[in-house]
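Below is one structure, written out as structure tokens, with a few remarks after it.
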Amino acid sequence: MTIVVAGATGKLGGRIANSLKAAGADVIALVRPESDAAKTDALQQQGIRTAIIDLMSGDGLSTALADASVVVSALQGLGPVIIDAQSALLDAAVEAGVQRFIPSDYAADFTKLDEGENRNFDLRKAFHRRLAAAEISSTSILNGAFMELLTYGMPLFDRKAKTVTYWGDPDQLLDFTTMDDTAAFTAAAALDTAAPDILRIAGDQISARQLAALSGELTGAPFELVRAGDLDGLKGYIQRERQSHPESETEEFPRWQQAQYMHNMQSGRAKLSPLDNERYPMRWTKVRDLLAR
Ligand SMILES: NC(=O)c1ccc[n+]([C@@H]2O[C@H](COP(=O)([O-])OP(=O)(O)OC[C@H]3O[C@@H](n4cnc5c(N)ncnc54)[C@H](OP(=O)(O)O)[C@@H]3O)[C@@H](O)[C@H]2O)c1
């Protein structure tokens with residue numbers, strides 16, 4: 001199968017392209033003219049064909065898509081990318097007779113959330129309305145939070161301070177999947193002609209209380225479980241922070257946006273269930289594995 005990957009110079013897209021290549025697919029990576037040439041070279045060295053294309057002008061896109069069965073999008077950005085550039089890619093895929101489109105979702109279950117609960121998820125909902133109206137089938141991959149976020153530092157988990165901070169219920173289970181596992185599963189879904197329109201996965205599910213206990217066990221030093229407040233308090237913080245920083249509307253991950261993700265996870269409203277983890281043979285990385293490393 002020929003699979004076209006958009007966003008292959010990115011963290012997730014590169015992993016998806018590699019997983020597809022390893023599975024024997026013919027992979028074409030769409031690379032924009034301004035992309036880092038070293039990243040394009042790295043893709044080519046892995047045997048991935050690259051096509052330099054500006055999605056908005058569309059020049060060369062129909063040629064790149066001519067033999068494709070599936071388009072996988074791993075684009076990242078705000079409205080101009082998730083809605084405009086991704087829609088240009090979708091329209092070209094329909095025009096070229098591509099059978100299936102995998103949108104750049106890779107998120108918590110935003111299908112359960114209302115508009116306004118998460119700005120970045122609202123962009124994906126808007127794109128999904130276009131996808132639903134297009135004459136092409138689709139598969140959305142929903143994986144919760146990337147597990148690596150625990151190692152970058154997020155409000156939930158502070159390794160230096162040895163704290164795990166939560167809002168609401170300390171026993172609420174939170175969904176995490178590594179980027180490698182998300183990419184491997186997405187590649188399997190791209191090659192699966194019977195894949196449904198949504199696949200939900202979670203490499204691991206862990207609560208704030210369990211995360212504190214696990215971290216204490218792995219480091220030999222206790223981690224404090226800190227209650228930051230209730231979920232209404234978190235909602236109030238999001239509103240105040242957003243209103244007082246209008247300039248941050250053009251940022252992908254301002255503080256209020258990160259807090260929206262936390263609210264979606266800690267409220268359990270975007271919890272992934274039922275899971276499709278067993279659909280393909282996978283060895284899921286657990287939070288214990290990642291933190292131990
Ligand atoms: N669940 C989670 O916790 C989580 C966390 C992070 C990301 N994600 C999701 O994973 C997906 C990929 O994110 P990522 O972290 O891999 O992103 P990333 O590393 O920033 O890569 C983004 C990719 O999109 C390309 N791109 C951006 N704007 C473009 C445009 N206008 N035209 C063409 N290409 C464009 C970039 O190309 P250049 O190399 O040229 O810039 C790059 O290849 C997104 O849907 C994101 O929301 C999920």
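Letters A, B, ... go to the chains of the structure tokens in the order shown; residues in each chain start at 1; ligands are counted from 1 in the same order.
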So that each row is one residue of region 91-177 of chain A with an atom at most 10 Å from region 288-292 of chain A, can you give its shortest atom pair and the distance in Å to one decimal, using only C-alpha atoms, rows by chain and rising number, as JSON lines?
```
{"residue": "A:Met147", "atom": "CA", "partner": "A:Leu290", "partner_atom": "CA", "distance": 7.9}
{"residue": "A:Glu148", "atom": "CA", "partner": "A:Leu290", "partner_atom": "CA", "distance": 7.8}
{"residue": "A:Leu150", "atom": "CA", "partner": "A:Leu291", "partner_atom": "CA", "distance": 8.3}
{"residue": "A:Thr151", "atom": "CA", "partner": "A:Leu291", "partner_atom": "CA", "distance": 7.7}
```
For Pro222 (chain A), list every protein, DNA or RNA residue within 8 Å, evaluated using only C-alpha atoms, and leave out those in the same chain fewer than 3 positions away; present the list as a VMD selection string.
chain A and resid 162 212 to 213 215 to 217 219
Could you take the residues named above and write them with C-alpha atoms, as a PDB file, in the first residue's frame?
```pdb
ATOM      1  CA  LYS A 162       8.437  15.379  44.297  1.00  0.00           C
ATOM      2  CA  ALA A 212       2.561   9.444  43.580  1.00  0.00           C
ATOM      3  CA  ALA A 213       2.877   5.927  45.047  1.00  0.00           C
ATOM      4  CA  SER A 215       7.114   7.543  41.875  1.00  0.00           C
ATOM      5  CA  GLY A 216       7.904   7.062  45.562  1.00  0.00           C
ATOM      6  CA  GLU A 217       8.509   3.365  44.986  1.00  0.00           C
ATOM      7  CA  THR A 219      12.879   6.744  43.538  1.00  0.00           C
TER       8      THR A 219
END
```
Give me the region 68-114 of chain A side of the contact with region 189-195 of chain A, cut-off 12 Å, one line per residue showing its nearest atom pair and distance in Å at one decimal, counting only C-alpha atoms, sorted by chain and residue number, as CSV.
```
residue,atom,partner,partner_atom,distance
A:Ala68,CA,A:Ala190,CA,11.3
A:Ser69,CA,A:Ala190,CA,9.0
A:Val70,CA,A:Ala190,CA,6.5
A:Val71,CA,A:Ala190,CA,8.2
A:Val72,CA,A:Ala190,CA,7.4
A:Ser73,CA,A:Ala190,CA,10.9
A:Gln99,CA,A:Thr193,CA,9.1
A:Arg100,CA,A:Ala190,CA,8.2
A:Phe101,CA,A:Ala190,CA,8.6
A:Ile102,CA,A:Ala190,CA,7.5
A:Pro103,CA,A:Ala190,CA,11.1
```
Since we have the selection now, will you write its residues out, keeping N, CA and C atoms, as an mmCIF file, in the first residue's frame?
```
data_model
loop_
_atom_site.group_PDB
_atom_site.id
_atom_site.type_symbol
_atom_site.label_atom_id
_atom_site.label_comp_id
_atom_site.auth_asym_id
_atom_site.auth_seq_id
_atom_site.Cartn_x
_atom_site.Cartn_y
_atom_site.Cartn_z
ATOM 1 N N ALA A 68 -2.040 6.798 -3.704
ATOM 2 C CA ALA A 68 -2.200 6.576 -2.262
ATOM 3 C C ALA A 68 -3.528 5.914 -1.919
ATOM 4 N N SER A 69 -3.484 4.961 -0.986
ATOM 5 C CA SER A 69 -4.716 4.364 -0.456
ATOM 6 C C SER A 69 -5.191 5.132 0.768
ATOM 7 N N VAL A 70 -4.224 5.621 1.539
ATOM 8 C CA VAL A 70 -4.549 6.288 2.812
ATOM 9 C C VAL A 70 -3.676 7.528 2.959
ATOM 10 N N VAL A 71 -4.260 8.603 3.497
ATOM 11 C CA VAL A 71 -3.490 9.780 3.902
ATOM 12 C C VAL A 71 -3.517 9.844 5.423
ATOM 13 N N VAL A 72 -2.333 9.928 6.019
ATOM 14 C CA VAL A 72 -2.236 10.078 7.473
ATOM 15 C C VAL A 72 -1.770 11.500 7.753
ATOM 16 N N SER A 73 -2.550 12.238 8.529
ATOM 17 C CA SER A 73 -2.137 13.595 8.899
ATOM 18 C C SER A 73 -1.606 13.594 10.332
ATOM 19 N N GLN A 99 -8.729 6.345 -0.450
ATOM 20 C CA GLN A 99 -9.850 5.673 0.221
ATOM 21 C C GLN A 99 -10.097 6.147 1.653
ATOM 22 N N ARG A 100 -9.016 6.490 2.363
ATOM 23 C CA ARG A 100 -9.205 6.783 3.797
ATOM 24 C C ARG A 100 -8.281 7.903 4.262
ATOM 25 N N PHE A 101 -8.769 8.672 5.257
ATOM 26 C CA PHE A 101 -8.023 9.807 5.802
ATOM 27 C C PHE A 101 -7.928 9.624 7.316
ATOM 28 N N ILE A 102 -6.710 9.716 7.848
ATOM 29 C CA ILE A 102 -6.525 9.670 9.312
ATOM 30 C C ILE A 102 -6.180 11.093 9.753
ATOM 31 N N PRO A 103 -7.122 11.762 10.445
ATOM 32 C CA PRO A 103 -6.886 13.163 10.812
ATOM 33 C C PRO A 103 -5.907 13.305 11.968
#
```
Can you pull out every residue within 9 Å of Trp284 (chain A), counting only C-alpha atoms, but drop anything in the same chain fewer than 2 positions away, and send it as a ChimeraX atom specification?
/A:177-178,181,202-204,277,282,286
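Here the question is which of A:Thr111, A:Ser19, A:Gln86, A:Ser62 gets nearest to ligand 1 using only C-alpha atoms and all ligand atoms, and that residue is A:Gln86.
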Residues contacting ligand 1 - anything with an atom at most 9 Å away, using only C-alpha atoms and all ligand atoms - can you give me those as number ranges by chain?
A: 6-15, 30-36, 39-40, 53-56, 73-78, 80-82, 84-86, 103-108, 120-121, 124, 142-149, 176-179, 261
Could you write out that same residue set with C-alpha atoms as a short mmCIF file (atom, residue, chain, number, x, y, z; two decimals), in the first residue's frame?
```cif
data_model
loop_
_atom_site.label_atom_id
_atom_site.label_comp_id
_atom_site.auth_asym_id
_atom_site.auth_seq_id
_atom_site.Cartn_x
_atom_site.Cartn_y
_atom_site.Cartn_z
CA ALA A 6 1.67 14.84 6.24
CA GLY A 7 3.67 16.22 9.18
CA ALA A 8 6.37 13.53 8.89
CA THR A 9 9.07 16.02 9.96
CA GLY A 10 7.28 16.24 13.30
CA LYS A 11 7.67 14.18 16.46
CA LEU A 12 4.66 11.92 15.95
CA GLY A 13 4.55 12.03 12.14
CA GLY A 14 8.18 10.90 11.85
CA ARG A 15 7.45 7.93 14.08
CA LEU A 30 4.73 15.50 2.39
CA VAL A 31 7.26 18.08 3.48
CA ARG A 32 6.70 21.82 3.30
CA PRO A 33 9.24 24.02 1.47
CA GLU A 34 10.39 25.66 4.73
CA SER A 35 10.84 22.37 6.65
CA ASP A 36 14.26 21.63 8.16
CA LYS A 39 14.70 16.23 8.83
CA THR A 40 13.82 15.66 5.16
CA ILE A 53 4.64 20.67 -1.17
CA ASP A 54 2.92 23.79 0.13
CA LEU A 55 -0.50 22.42 1.11
CA MET A 56 -2.23 25.78 0.62
CA SER A 73 -2.14 13.60 8.90
CA ALA A 74 0.12 14.40 11.86
CA LEU A 75 0.04 18.16 11.31
CA GLN A 76 0.22 20.40 14.34
CA GLY A 77 -0.90 23.98 14.71
CA LEU A 78 -3.96 26.17 15.25
CA PRO A 80 -4.63 27.76 9.80
CA VAL A 81 -3.11 24.26 10.07
CA ILE A 82 -5.71 21.97 11.66
CA ASP A 84 -7.19 25.23 6.60
CA ALA A 85 -4.11 23.18 5.62
CA GLN A 86 -5.69 19.90 6.69
CA PRO A 103 -6.89 13.16 10.81
CA SER A 104 -4.39 14.74 13.21
CA ASP A 105 -6.32 13.98 16.41
CA TYR A 106 -4.16 11.79 18.73
CA ALA A 107 -5.94 13.15 21.78
CA ALA A 108 -8.29 12.44 24.67
CA ASN A 120 -7.52 22.86 20.49
CA PHE A 121 -10.16 20.13 20.51
CA ARG A 124 -10.46 19.16 15.59
CA LEU A 142 -7.61 8.75 20.26
CA ASN A 143 -4.77 7.96 22.67
CA GLY A 144 -5.14 10.24 25.71
CA ALA A 145 -2.05 12.24 26.66
CA PHE A 146 1.39 11.39 25.34
CA MET A 147 3.05 9.57 28.24
CA GLU A 148 6.30 11.48 27.61
CA LEU A 149 4.57 14.62 28.94
CA PHE A 176 -1.49 7.88 28.72
CA THR A 177 0.14 6.40 25.57
CA THR A 178 3.74 6.87 24.42
CA MET A 179 4.43 8.53 21.07
CA TYR A 261 -6.39 19.46 28.97
#
```
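Distance-wise, CA of His263 (chain A) and CA of Arg129 (chain A) end up 24.2 Å apart.
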Record the distance separating CA of Gly168 (chain A) and CA of Asn118 (chain A), expressed in Å with one decimal.
18.1 Å
Mind giving me the straight-line distance from CA of Leu234 (chain A) to CA of Arg119 (chain A) in Å, one decimal?
15.5 Å
Calculated over only C-alpha atoms, which of the candidates A:Ala184, A:Ile52, A:Leu174, A:Val164 has the smallest distance to Ser267 (chain A)?
A:Leu174
Just asking: which residues within region 198-228 of chain A are strand (DSSP E) according to DSSP, as a list of chain:residue names?
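Secondary structure check on region 198-228 of chain A, strand (DSSP E): A:Ile198, A:Leu199, A:Arg200, A:Asp204, A:Gln205, A:Ile206, A:Glu224, A:Leu225, A:Val226, A:Arg227, A:Ala228.
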If you count only C-alpha atoms, which residues fall within 12 Å of Gln46 (chain A), apart from same-chain ones fewer than 4 positions away, as an NGL selection string?
:A and (14-15 or 17-22 or 26-29 or 39-42 or 50)
Minimum-distance residue to Leu275 (chain A), chosen among A:Ile141, A:Asp232, A:Phe157, A:Met262 (using only C-alpha atoms):
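Between A:Ile141, A:Asp232, A:Phe157, A:Met262, the residue approaching Leu275 (chain A) most closely is A:Ile141.
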Would you list the contacts of Asp109 (chain A) as an NGL selection string, taking every protein, DNA or RNA residue within 8 Å and counting only C-alpha atoms, but skipping same-chain residues closer than 3 positions in sequence?
:A and (112-113 or 142 or 144 or 200 or 270-272)
Tell me, which residues of region 241-284 of chain A carry DSSP alpha helix (DSSP H), written as a ChimeraX atom specification?
/A:241-244,255-266
At a cut-off of 7 Å, using only C-alpha atoms, what residues contact region 92-95 of chain A? Leave out same-chain residues fewer than 4 positions from it and give the result as a PDB file with C-alpha atoms, in the first residue's frame.
```pdb
ATOM      1  CA  LEU A  61      -0.274  17.475  -4.386  1.00  0.00           C
ATOM      2  CA  SER A  62      -2.400  15.508  -6.871  1.00  0.00           C
ATOM      3  CA  LEU A  65      -1.524  11.456  -3.852  1.00  0.00           C
ATOM      4  CA  ALA A  88      -6.714  21.453   1.598  1.00  0.00           C
ATOM      5  CA  GLU A 135     -16.623  11.411   0.257  1.00  0.00           C
ATOM      6  CA  ILE A 136     -13.842   9.464   1.943  1.00  0.00           C
TER       7      ILE A 136
END
```
At a cut-off of 10 Å, using only C-alpha atoms, what residues contact Ala259 (chain A)? Leave out same-chain residues fewer than 6 positions from it and give the result as a list in words.
Asn118, Met154, Pro155, Leu234, Lys235, Tyr237, Ile238, Glu241, Phe253 and Met265 of chain A
